[in-house]
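A.B. asks: This is the structure I want to talk about, given as structure tokens.
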Amino acid sequence: MTRMDARRLAPEAQEDLRRRVVYSVRQDGLSPAQAARTFGVCRQSVATWIQQVESGGTGVLAARKRGPKPQPRMDAASERGVIRAIRNRCPDQLLLPFALWTREAVAALILRRAGRSVSVWTAGRYLKRWKMTPQKPMRRAYERDPAAVKAWLTEQYPAIKTRAKTENALILWGDEMGLRSDDPIGRSYAPRGQTPVASATGNRFGCNMISAISNLGQLWFMVFKGRLDAALFVQFLGRLLRATQRGVGSKRSRNGRRGWNCFSCPATARS
């Protein structure tokens, strides 16, 4: 009889074949080689089935679910611990060899916290279920003191606000930053999968800017070259003082927002 490939049979058919082969050997007196030729199976398989029945009974011939054994899911406590770690810590703070929370980093965290090895695709499905999306992180200095920040917001700033109201003064918030011509600022809607293209010069150049903005949305800024030092900062404060004293930007536009004002530093002021 031609040997068949029993692996292509359904699980129930495989179970029936194994039982018939074992029965023919144990009850009908066929040898394993004769049973193999009669039923078209491998002689080694017949010997294995006989040994399994002798050691574990006929129940070992029952059909079983194919494929790898399913791994246990994370319990609720482990899952909450993983979510809390992602929200409150960076990977390097947990001694993981990653700088940001990627799918690989999350898979490593799950292995450490829950003892379960998952693929990057499974880690991505977990992140989707936890309503987490890839985002550009904000930069925050290590030297930041949350207690000092809270004290300033709850104690010092209210006093400054009260004094400004008493003296009819304007509270301004200052910042200094660098500008680049090739910096992709802003977003533009486009069909999914088709990245929009913005025409721009291929020449790359940059400059620096110091600015001050009020709580009402008034903005003053000065563009300059080189580094910001004490002399340039004093020059900016002088121009800012003159601009605010003569009421620049005090007129509201039709939409109720105050205008944006600027004064550029002369090119000869900085090399």
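Ordered as shown in the structure tokens, chains take letters A, B, and onward, while each chain numbers its residues from 1 and ligands are numbered from 1 in the order shown.
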Determine which residues of segment 4-228 of chain A DSSP labels as strand (DSSP E or B) from the backbone of this structure, then write them out as a CSV table (one decimal) with C-alpha atoms, in the first residue's frame.
C.D. replies:
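Final file, result_39.csv:
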chain,number,residue,atom,x,y,z
A,172,LEU,CA,5.8,89.8,29.6
A,173,TRP,CA,7.3,86.3,29.1
A,174,GLY,CA,10.6,86.2,27.3
A,175,ASP,CA,12.4,83.5,25.3
A,176,GLU,CA,15.4,83.1,23.0
A,177,MET,CA,15.5,80.6,20.2
A,178,GLY,CA,17.3,79.7,16.9
A,179,LEU,CA,15.6,79.8,13.5
A,180,ARG,CA,16.4,77.7,10.4
A,206,GLY,CA,19.8,80.5,10.1
A,207,CYS,CA,19.4,83.3,12.6
A,208,ASN,CA,18.4,83.8,16.2
A,209,MET,CA,15.4,85.5,17.8
A,210,ILE,CA,14.6,87.0,21.2
A,211,SER,CA,10.9,87.6,21.9
A,212,ALA,CA,8.5,88.7,24.6
A,213,ILE,CA,4.8,87.9,24.8
A,214,SER,CA,2.1,89.2,27.1
A,219,LEU,CA,4.2,89.7,20.8
A,220,TRP,CA,7.4,91.6,20.3
A,221,PHE,CA,10.5,90.0,18.8
A,222,MET,CA,13.9,90.9,17.5
A,223,VAL,CA,15.9,88.9,15.0
A,224,PHE,CA,19.7,89.0,15.2
A.B. asks: Would you kindly return, as a list of chain:residue names, each protein, DNA or RNA residue with an atom no farther than 6 Å from any atom of segment 7-17 of chain A, considering only C-alpha atoms and excluding same-chain residues fewer than 3 positions away?
C.D. replies: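 My list of contacting residues is A:Arg20, A:Leu61, A:Ala62, A:Ala63.
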A.B. asks: Take the residues that were just selected and, keeping C-alpha atoms, output them as a CSV table (one decimal), in the first residue's frame.
C.D. replies:
chain,number,residue,atom,x,y,z
A,20,ARG,CA,-7.0,1.5,14.2
A,61,LEU,CA,-4.1,9.0,20.9
A,62,ALA,CA,-6.8,11.7,21.1
A,63,ALA,CA,-6.8,14.6,18.7
A.B. asks: So the first atom is atom CA of Arg204 of chain A and the second is atom CA of Asp183 of chain A; what is the distance between them in Å, to one decimal place?
C.D. replies: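 Atom-to-atom, atom CA of Arg204 of chain A and atom CA of Asp183 of chain A are spaced 9.7 Å apart.
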A.B. asks: Quick one: distance from atom CA of Lys165 of chain A to atom CA of Leu237 of chain A in Å, one decimal?
C.D. replies: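 Atom CA of Leu237 of chain A lies at a distance of 20.9 Å from atom CA of Lys165 of chain A.
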A.B. asks: A:Ala76, A:Leu127, A:Val120, A:Leu109: which is nearest Cys90 of chain A, counting only C-alpha atoms?
C.D. replies: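 Among A:Ala76, A:Leu127, A:Val120, A:Leu109, it is A:Leu109 that comes nearest to Cys90 of chain A.
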A.B. asks: Name all residues at most 12 Å from Pro137 of chain A (count only C-alpha atoms; drop same-chain ones fewer than 2 positions away) and give them as a list in words.
C.D. replies: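 Everything that qualifies: Cys90, Ala99, Leu100, Trp101, Thr133, Pro134, Gln135, Arg139 and Arg140 of chain A.
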A.B. asks: Could you please write out, as an MDAnalysis selection string, every residue of segment 24-269 of chain A that DSSP assigns to alpha helix (DSSP H)?
C.D. replies: chainID A and resid 24:26 32:39 43:56 76:88 103:114 120:129 146:151 157:166 230:245
A.B. asks: Closest to Ser31 of chain A among A:Arg84, A:Arg242, A:Lys161, A:Arg43, using only C-alpha atoms?
C.D. replies: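 Selected residue with least distance to Ser31 of chain A: A:Arg43.
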A.B. asks: Could you list, as a PyMOL selection string, every residue within 12 Å of Gly81 of chain A, counting only C-alpha atoms and ignoring same-chain residues fewer than 3 positions away?
C.D. replies: chain A and resi 74-78+84-89+106+109-110+112-114
A.B. asks: For the residues in the current selection, export C-alpha atoms as a PDB file, in the first residue's frame.
C.D. replies:
ATOM      1  CA  MET A  74      -0.868  39.547  31.168  1.00  0.00           C
ATOM      2  CA  ASP A  75      -2.804  39.758  34.377  1.00  0.00           C
ATOM      3  CA  ALA A  76      -4.481  43.031  35.273  1.00  0.00           C
ATOM      4  CA  ALA A  77      -1.874  43.992  37.884  1.00  0.00           C
ATOM      5  CA  SER A  78       1.052  43.505  35.483  1.00  0.00           C
ATOM      6  CA  ARG A  84       2.154  53.278  34.734  1.00  0.00           C
ATOM      7  CA  ALA A  85       5.826  52.777  33.845  1.00  0.00           C
ATOM      8  CA  ILE A  86       5.331  54.050  30.283  1.00  0.00           C
ATOM      9  CA  ARG A  87       3.441  57.125  31.486  1.00  0.00           C
ATOM     10  CA  ASN A  88       5.755  58.123  34.323  1.00  0.00           C
ATOM     11  CA  ARG A  89       9.228  56.890  33.372  1.00  0.00           C
ATOM     12  CA  VAL A 106       7.562  48.140  25.386  1.00  0.00           C
ATOM     13  CA  LEU A 109       9.277  46.101  29.560  1.00  0.00           C
ATOM     14  CA  ILE A 110       6.519  43.484  29.274  1.00  0.00           C
ATOM     15  CA  ARG A 112      10.596  42.250  32.619  1.00  0.00           C
ATOM     16  CA  ARG A 113       7.326  43.091  34.379  1.00  0.00           C
ATOM     17  CA  ALA A 114       5.080  40.222  33.252  1.00  0.00           C
TER      18      ALA A 114
END
